[in-house]
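Source file: model.pdb (PDB, C-alpha atoms and all ligand atoms)
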```pdb
ATOM      1  CA  MET A  58     146.502 135.989  60.033
ATOM      2  CA  LEU A  59     148.232 132.691  60.812
ATOM      3  CA  ILE A  60     148.350 131.748  57.126
ATOM      4  CA  ASP A  61     149.736 135.201  56.250
ATOM      5  CA  SER A  62     152.426 134.816  58.883
ATOM      6  CA  LEU A  63     153.407 131.417  57.409
ATOM      7  CA  ARG A  64     153.719 133.075  53.979
ATOM      8  CA  LYS A  65     155.976 135.750  55.486
ATOM      9  CA  LYS A  66     158.115 133.001  57.012
ATOM     10  CA  GLY A  67     158.666 131.552  53.537
ATOM     11  CA  ILE A  68     155.959 128.909  53.078
ATOM     12  CA  ASP A  69     154.904 129.281  49.444
ATOM     13  CA  ASN A  70     153.040 126.052  48.684
ATOM     14  CA  GLU A  71     149.499 127.362  48.137
ATOM     15  CA  ASP A  72     147.946 123.867  48.302
ATOM     16  CA  VAL A  73     149.446 123.363  51.754
ATOM     17  CA  LEU A  74     148.373 126.827  52.903
ATOM     18  CA  SER A  75     144.787 126.346  51.756
ATOM     19  CA  ALA A  76     144.641 122.886  53.366
ATOM     20  CA  MET A  77     145.729 124.519  56.635
ATOM     21  CA  MET A  78     143.145 127.254  56.133
ATOM     22  CA  ASN A  79     140.466 124.523  56.079
ATOM     23  CA  VAL A  80     141.476 122.807  59.327
ATOM     24  CA  PRO A  81     140.100 124.322  62.566
ATOM     25  CA  ARG A  82     143.218 123.996  64.736
ATOM     26  CA  HIS A  83     141.386 125.123  67.894
ATOM     27  CA  LEU A  84     139.532 121.785  67.939
ATOM     28  CA  PHE A  85     142.864 119.919  68.192
ATOM     29  CA  MET A  86     144.141 121.906  71.189
ATOM     30  CA  ALA A  87     144.011 120.796  74.831
ATOM     31  CA  LYS A  88     141.429 122.428  77.133
ATOM     32  CA  GLY A  89     142.530 125.892  78.114
ATOM     33  CA  PHE A  90     144.749 126.424  75.055
ATOM     34  CA  GLU A  91     142.000 126.894  72.435
ATOM     35  CA  GLU A  92     142.411 130.679  72.343
ATOM     36  CA  ARG A  93     146.027 130.297  71.292
ATOM     37  CA  ALA A  94     145.305 127.912  68.416
ATOM     38  CA  TYR A  95     146.089 130.453  65.689
ATOM     39  CA  GLN A  96     149.426 131.490  67.141
ATOM     40  CA  ASP A  97     152.421 129.975  65.400
ATOM     41  CA  ASN A  98     153.571 127.849  68.328
ATOM     42  CA  ALA A  99     153.590 124.259  69.541
ATOM     43  CA  PHE A 100     151.408 123.600  72.604
ATOM     44  CA  PRO A 101     151.041 120.794  75.137
ATOM     45  CA  ILE A 102     148.436 118.075  74.508
ATOM     46  CA  ALA A 103     147.670 114.933  76.562
ATOM     47  CA  ALA A 104     150.302 112.321  77.532
ATOM     48  CA  GLU A 105     153.038 115.002  77.762
ATOM     49  CA  GLN A 106     153.131 115.390  73.979
ATOM     50  CA  THR A 107     152.699 118.476  71.782
ATOM     51  CA  ILE A 108     150.682 119.640  68.815
ATOM     52  CA  SER A 109     153.287 120.708  66.250
ATOM     53  CA  GLN A 110     153.843 124.379  65.454
ATOM     54  CA  PRO A 111     151.884 125.414  62.318
ATOM     55  CA  TYR A 112     155.124 126.526  60.618
ATOM     56  CA  THR A 113     156.559 123.046  61.184
ATOM     57  CA  VAL A 114     153.402 121.387  59.837
ATOM     58  CA  ALA A 115     153.538 123.623  56.754
ATOM     59  CA  PHE A 116     157.279 123.019  56.288
ATOM     60  CA  GLN A 117     157.134 119.227  56.620
ATOM     61  CA  THR A 118     154.035 118.976  54.426
ATOM     62  CA  SER A 119     155.673 121.123  51.721
ATOM     63  CA  LEU A 120     158.805 118.945  51.729
ATOM     64  CA  LEU A 121     156.652 115.882  51.056
ATOM     65  CA  GLU A 122     155.560 117.245  47.624
ATOM     66  CA  ILE A 123     152.113 115.736  48.174
ATOM     67  CA  LYS A 124     150.074 114.656  45.196
ATOM     68  CA  LYS A 125     146.375 113.822  45.494
ATOM     69  CA  SER A 126     145.929 110.081  46.059
ATOM     70  CA  ASP A 127     149.466 109.594  47.448
ATOM     71  CA  LYS A 128     149.568 106.761  49.968
ATOM     72  CA  VAL A 129     151.097 108.362  53.049
ATOM     73  CA  LEU A 130     152.302 106.969  56.383
ATOM     74  CA  GLU A 131     152.434 109.371  59.329
ATOM     75  CA  VAL A 132     154.316 108.364  62.479
ATOM     76  CA  GLY A 133     153.054 110.255  65.550
ATOM     77  CA  THR A 134     149.351 111.049  65.142
ATOM     78  CA  GLY A 135     149.342 113.097  68.359
ATOM     79  CA  SER A 136     146.444 115.563  68.261
ATOM     80  CA  GLY A 137     145.513 114.553  64.704
ATOM     81  CA  TYR A 138     146.122 118.067  63.354
ATOM     82  CA  GLN A 139     148.851 117.150  60.857
ATOM     83  CA  ALA A 140     146.747 114.163  59.780
ATOM     84  CA  ALA A 141     143.812 116.473  59.012
ATOM     85  CA  VAL A 142     146.064 118.733  56.916
ATOM     86  CA  LEU A 143     147.288 115.735  54.896
ATOM     87  CA  LEU A 144     143.732 114.477  54.409
ATOM     88  CA  GLU A 145     142.684 117.933  53.179
ATOM     89  CA  LEU A 146     145.292 117.454  50.443
ATOM     90  CA  GLY A 147     143.491 114.313  49.283
ATOM     91  CA  VAL A 148     145.956 111.628  50.362
ATOM     92  CA  LYS A 149     145.197 108.119  51.531
ATOM     93  CA  LEU A 150     146.545 108.312  55.076
ATOM     94  CA  TYR A 151     147.843 105.661  57.461
ATOM     95  CA  THR A 152     148.793 107.090  60.843
ATOM     96  CA  ILE A 153     150.390 105.450  63.902
ATOM     97  CA  GLU A 154     150.468 106.641  67.531
ATOM     98  CA  ARG A 155     152.188 104.886  70.453
ATOM     99  CA  GLN A 156     150.209 106.662  73.229
ATOM    100  CA  GLN A 157     146.895 104.884  73.573
ATOM    101  CA  GLU A 158     145.157 107.945  74.999
ATOM    102  CA  LEU A 159     146.133 110.059  71.968
ATOM    103  CA  PHE A 160     145.385 107.251  69.532
ATOM    104  CA  LYS A 161     141.815 107.107  70.857
ATOM    105  CA  SER A 162     141.154 110.838  71.177
ATOM    106  CA  SER A 163     142.618 111.770  67.779
ATOM    107  CA  LYS A 164     140.695 109.036  65.996
ATOM    108  CA  LEU A 165     137.419 110.144  67.565
ATOM    109  CA  LEU A 166     138.030 113.806  66.798
ATOM    110  CA  LEU A 167     139.126 113.193  63.201
ATOM    111  CA  ASN A 168     136.092 110.998  62.525
ATOM    112  CA  ASN A 169     133.759 113.590  64.083
ATOM    113  CA  LEU A 170     135.171 116.157  61.676
ATOM    114  CA  GLY A 171     134.671 113.832  58.701
ATOM    115  CA  TYR A 172     138.327 112.745  58.350
ATOM    116  CA  TYR A 173     138.898 109.009  58.006
ATOM    117  CA  PRO A 174     142.550 107.967  58.109
ATOM    118  CA  TYR A 175     143.525 104.371  58.825
ATOM    119  CA  SER A 176     144.544 104.884  62.480
ATOM    120  CA  TYR A 177     146.825 102.450  64.294
ATOM    121  CA  TYR A 178     147.922 102.112  67.903
ATOM    122  CA  GLY A 179     151.477 100.839  67.821
ATOM    123  CA  ASP A 180     155.176 101.514  67.457
ATOM    124  CA  GLY A 181     156.019 103.628  64.436
ATOM    125  CA  TYR A 182     159.571 102.244  64.406
ATOM    126  CA  LYS A 183     158.034  99.158  62.843
ATOM    127  CA  GLY A 184     156.016 101.089  60.260
ATOM    128  CA  LEU A 185     153.107  99.175  58.732
ATOM    129  CA  PRO A 186     154.731  96.407  56.683
ATOM    130  CA  SER A 187     151.414  94.895  55.602
ATOM    131  CA  TYR A 188     150.378  98.171  53.913
ATOM    132  CA  ALA A 189     153.791  99.088  52.463
ATOM    133  CA  PRO A 190     155.118 100.495  50.225
ATOM    134  CA  PHE A 191     154.183 104.153  50.772
ATOM    135  CA  ASP A 192     154.642 107.085  48.396
ATOM    136  CA  LYS A 193     155.463 109.328  51.340
ATOM    137  CA  ILE A 194     156.414 108.825  54.987
ATOM    138  CA  LEU A 195     156.210 111.636  57.530
ATOM    139  CA  VAL A 196     157.688 111.317  61.006
ATOM    140  CA  THR A 197     156.463 113.992  63.430
ATOM    141  CA  ALA A 198     158.670 113.025  66.411
ATOM    142  CA  GLY A 199     162.450 113.463  66.748
ATOM    143  CA  ALA A 200     164.237 110.235  65.776
ATOM    144  CA  PRO A 201     167.713 109.357  67.106
ATOM    145  CA  GLU A 202     168.435 107.653  63.773
ATOM    146  CA  ILE A 203     166.591 106.759  60.571
ATOM    147  CA  PRO A 204     164.556 103.602  61.228
ATOM    148  CA  GLU A 205     165.504 101.029  58.619
ATOM    149  CA  ASN A 206     161.960  99.597  58.573
ATOM    150  CA  LEU A 207     160.660 102.957  57.391
ATOM    151  CA  SER A 208     163.226 103.390  54.592
ATOM    152  CA  GLU A 209     162.360  99.900  53.412
ATOM    153  CA  GLN A 210     158.639 100.713  53.371
ATOM    154  CA  LEU A 211     159.158 103.672  51.029
ATOM    155  CA  LYS A 212     158.381 103.259  47.325
ATOM    156  CA  THR A 213     161.156 103.847  44.812
ATOM    157  CA  GLY A 214     160.794 107.547  43.942
ATOM    158  CA  GLY A 215     159.106 108.111  47.307
ATOM    159  CA  ILE A 216     159.976 110.746  49.913
ATOM    160  CA  MET A 217     160.420 110.446  53.673
ATOM    161  CA  VAL A 218     160.561 113.543  55.883
ATOM    162  CA  ILE A 219     162.049 112.823  59.301
ATOM    163  CA  PRO A 220     163.595 115.048  61.975
ATOM    164  CA  THR A 221     166.734 113.202  63.078
ATOM    165  CA  GLY A 222     169.263 113.976  65.805
ATOM    166  CA  SER A 223     169.671 114.325  69.556
ATOM    167  CA  ARG A 224     166.874 114.764  72.104
ATOM    168  CA  HIS A 225     167.188 118.563  72.025
ATOM    169  CA  SER A 226     167.858 119.327  68.360
ATOM    170  CA  GLN A 227     167.129 117.531  65.129
ATOM    171  CA  ASP A 228     167.925 118.054  61.451
ATOM    172  CA  MET A 229     164.909 118.025  59.147
ATOM    173  CA  LEU A 230     165.910 115.355  56.658
ATOM    174  CA  LYS A 231     164.206 114.806  53.322
ATOM    175  CA  ILE A 232     165.117 111.354  52.068
ATOM    176  CA  ILE A 233     164.380 110.401  48.483
ATOM    177  CA  LYS A 234     164.478 106.722  47.590
ATOM    178  CA  ILE A 235     166.350 106.482  44.290
ATOM    179  CA  SER A 236     166.227 102.701  44.027
ATOM    180  CA  GLU A 237     166.163  99.696  46.369
ATOM    181  CA  GLY A 238     168.870 100.452  48.961
ATOM    182  CA  GLU A 239     169.857 103.812  47.382
ATOM    183  CA  TYR A 240     168.801 107.126  48.956
ATOM    184  CA  LYS A 241     169.485 110.819  48.477
ATOM    185  CA  THR A 242     169.346 112.892  51.670
ATOM    186  CA  GLU A 243     168.774 116.650  51.937
ATOM    187  CA  ASN A 244     169.119 118.573  55.205
ATOM    188  CA  HIS A 245     166.521 121.312  55.692
ATOM    189  CA  GLY A 246     167.692 122.762  58.996
ATOM    190  CA  LYS A 247     167.188 122.535  62.733
ATOM    191  CA  PHE A 248     163.910 121.778  64.487
ATOM    192  CA  ILE A 249     162.903 120.483  67.918
ATOM    193  CA  PHE A 250     160.325 117.706  68.344
ATOM    194  CA  VAL A 251     159.229 115.489  71.216
ATOM    195  CA  PRO A 252     161.232 112.250  70.998
ATOM    196  CA  MET A 253     160.349 109.242  68.864
ATOM    197  CA  LEU A 254     160.246 106.440  71.460
ATOM    198  CA  LYS A 255     160.221 102.677  71.076
ATOM    199  CA  GLY A 256     157.291 100.445  72.065
ATOM    200  CA  LYS A 257     153.781 101.593  72.951
ATOM    201  CA  LYS A 258     152.198 103.090  76.088
TER     202      LYS A 258
HETATM  203  N1  LIG B 301     151.506 115.056  64.254
HETATM  204  C1  LIG B 301     151.197 115.450  65.620
HETATM  205  C2  LIG B 301     152.456 115.749  66.399
HETATM  206  C3  LIG B 301     152.402 115.110  67.741
HETATM  207  S1  LIG B 301     153.932 115.111  68.632
HETATM  208  C4  LIG B 301     150.217 116.602  65.665
HETATM  209  O1  LIG B 301     149.913 117.183  64.605
HETATM  210  O2  LIG B 301     149.695 116.906  66.727
HETATM  211  C5  LIG B 301     154.621 113.547  68.167
HETATM  212  C6  LIG B 301     153.802 112.329  68.490
HETATM  213  O3  LIG B 301     154.598 111.187  68.134
HETATM  214  C7  LIG B 301     153.438 112.143  69.951
HETATM  215  O4  LIG B 301     152.062 112.012  70.088
HETATM  216  C8  LIG B 301     154.156 110.846  70.355
HETATM  217  O5  LIG B 301     153.439 110.050  71.288
HETATM  218  C9  LIG B 301     154.277 110.146  69.015
HETATM  219  N2  LIG B 301     155.316 109.121  68.932
HETATM  220  C10 LIG B 301     156.566 109.130  69.463
HETATM  221  N3  LIG B 301     157.222 107.992  69.166
HETATM  222  C11 LIG B 301     156.368 107.233  68.423
HETATM  223  C12 LIG B 301     156.456 105.940  67.825
HETATM  224  N4  LIG B 301     157.540 105.173  67.943
HETATM  225  N5  LIG B 301     155.388 105.478  67.137
HETATM  226  C13 LIG B 301     154.247 106.225  67.020
HETATM  227  N6  LIG B 301     154.115 107.457  67.569
HETATM  228  C14 LIG B 301     155.153 107.947  68.259
END
```
Could I get this structure in the form of structure tokens?
Ligand code: SAH
Amino acid sequence: MLIDSLRKKGIDNEDVLSAMMNVPRHLFMAKGFEERAYQDNAFPIAAEQTISQPYTVAFQTSLLEIKKSDKVLEVGTGSGYQAAVLLELGVKLYTIERQQELFKSSKLLLNNLGYYPYSYYGDGYKGLPSYAPFDKILVTAGAPEIPENLSEQLKTGGIMVIPTGSRHSQDMLKIIKISEGEYKTENHGKFIFVPMLKGKK
């Protein structure tokens, strides 16, 4: 039913939809919220963060135009749900989380389910320079501006999807790196994310 509702809301990337069909979202929810896992809503997780709304996961993942074996950087591992969806699509995933509690719990859960991203505890504003460049970069927290480190760590021809704006409303930007220092930016509408914060906790 959830997947059907995403189709009705305009998600038409069948690879993304079947990846989401394969990920048991209830396992990524906080205690007490499991029953609501297949509703199209964001929900609270530990450390005052949220698991993204399925529509948002589907929308961001579609914008990334994922190809199998893409090298992808995710900023904001959170529950690990979006990471699992990307791994279902066959990417090589690097994911960073600044909340130690979430870093630990998502890594354990993903590994228990047979998903093995390269998980890092740190500040996503810095990206992962030693593993750059990336084919795709996905930011799953609301950024006040586009972090220069991340644009630099994108391959030429690569795509970054990043919600950018104020604390209470962000524009979903799709940034395509045309050449070194040259980018094309598309705006895909308003979303609301928890904030992208500096440093680690
Ligand atoms: N992709 C997640 C969404 C979690 S919400 C999911 O599917 O559940 C966004 C996450 O980004 C939060 O866990 C928050 O702690 C994290 N975050 C915020 N700023 C960050 C930063 N600078 N570096 C890494 N993670 C960050």
Given the file shown, enumerate the residues that the PyMOL selection byres (((not hetatm)) within 7 of (chain B and resi 301)) captures and present them as number ranges by chain.
-> A: 106-109, 132-140, 153-156, 159, 179-182, 197-198, 250-256
Dump as CSV the rows for residues of region 167-190 of chain A within 12 Å of region 84-95 of chain A: closest atom pair and distance in Å with one decimal, all atoms listed in the file counted, ordered by chain and rising residue number.
```
residue,atom,partner,partner_atom,distance
A:Leu167,CA,A:Phe85,CA,9.2
A:Asn169,CA,A:Leu84,CA,10.7
A:Leu170,CA,A:Leu84,CA,9.5
```
Quick one: which residues end up in the PyMOL selection byres (((chain A and resi 217) around 9) and not hetatm) for this structure, as a VMD selection string?
-> chain A and resid 120 to 121 192 to 196 207 to 208 211 215 to 216 218 to 219 230 to 234
Please dump the current selection as an mmCIF file, in the frame of the given file; keep C-alpha atoms.
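Contents of out.cif, as written:
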```cif
data_model
loop_
_atom_site.group_PDB
_atom_site.id
_atom_site.type_symbol
_atom_site.label_atom_id
_atom_site.label_comp_id
_atom_site.auth_asym_id
_atom_site.auth_seq_id
_atom_site.Cartn_x
_atom_site.Cartn_y
_atom_site.Cartn_z
ATOM 1 C CA LEU A 120 158.805 118.945 51.729
ATOM 2 C CA LEU A 121 156.652 115.882 51.056
ATOM 3 C CA ASP A 192 154.642 107.085 48.396
ATOM 4 C CA LYS A 193 155.463 109.328 51.340
ATOM 5 C CA ILE A 194 156.414 108.825 54.987
ATOM 6 C CA LEU A 195 156.210 111.636 57.530
ATOM 7 C CA VAL A 196 157.688 111.317 61.006
ATOM 8 C CA LEU A 207 160.660 102.957 57.391
ATOM 9 C CA SER A 208 163.226 103.390 54.592
ATOM 10 C CA LEU A 211 159.158 103.672 51.029
ATOM 11 C CA GLY A 215 159.106 108.111 47.307
ATOM 12 C CA ILE A 216 159.976 110.746 49.913
ATOM 13 C CA VAL A 218 160.561 113.543 55.883
ATOM 14 C CA ILE A 219 162.049 112.823 59.301
ATOM 15 C CA LEU A 230 165.910 115.355 56.658
ATOM 16 C CA LYS A 231 164.206 114.806 53.322
ATOM 17 C CA ILE A 232 165.117 111.354 52.068
ATOM 18 C CA ILE A 233 164.380 110.401 48.483
ATOM 19 C CA LYS A 234 164.478 106.722 47.590
#
```
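For the choices A:Leu185, A:Ala99, A:Ile235, A:Leu144, the atom-to-atom distance to Phe248 (chain A) is smallest for A:Ala99 when using all atoms listed in the file.
Relative to CA of Leu63 (chain A), CA of Asp97 (chain A) is found at 8.2 Å.
Distance annotation: of A:Lys66, A:Arg82, A:Lys149, A:Lys124, the residue with the minimal separation from Tyr112 (chain A) is A:Lys66; atom set is only C-alpha atoms.
Closest to Val148 (chain A) among A:Tyr240, A:Phe116, A:Tyr175, A:Phe100 is A:Tyr175, based on only C-alpha atoms.
Between CA of Lys125 (chain A) and CA of Met58 (chain A) lies a distance of 26.5 Å.
Residues matching the PyMOL selection byres (((chain A and resi 220-227) around 6) and not hetatm) in this structure come to A:Gly199, A:Ala200, A:Pro201, A:Glu202, A:Ile219, A:Asp228, A:Met229, A:Leu230, A:Lys247, A:Phe248, A:Ile249.
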Write a file of the selected residues as a compact mmCIF listing (two decimals), in the frame of the given file, keeping C-alpha atoms.
```
# COMPACT_ATOMS: atom_id res chain seq x y z
CA GLY A 199 162.45 113.46 66.75
CA ALA A 200 164.24 110.24 65.78
CA PRO A 201 167.71 109.36 67.11
CA GLU A 202 168.44 107.65 63.77
CA ILE A 219 162.05 112.82 59.30
CA ASP A 228 167.92 118.05 61.45
CA MET A 229 164.91 118.02 59.15
CA LEU A 230 165.91 115.36 56.66
CA LYS A 247 167.19 122.54 62.73
CA PHE A 248 163.91 121.78 64.49
CA ILE A 249 162.90 120.48 67.92
```
Check the smallest atom-to-atom distance from each of A:Asn70, A:Ser62, A:Gln157, A:Asn79 to Ile123 (chain A) using only C-alpha atoms, then report the winner.
-> A:Asn70
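Atom pair CA of Leu143 (chain A) / CA of Tyr173 (chain A) has a distance of 11.2 Å (rounded to one decimal).
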Find the residues near Gly238 (chain A): any atom within 12 Å, counting only C-alpha atoms, skip ones fewer than 6 places away on the same chain, and give them as a ChimeraX atom specification.
-> /A:205-206,208-214,232
Closest to Ala141 (chain A) among A:Gly184, A:Pro101, A:Pro81, A:Pro190, using all atoms listed in the file?
-> A:Pro81
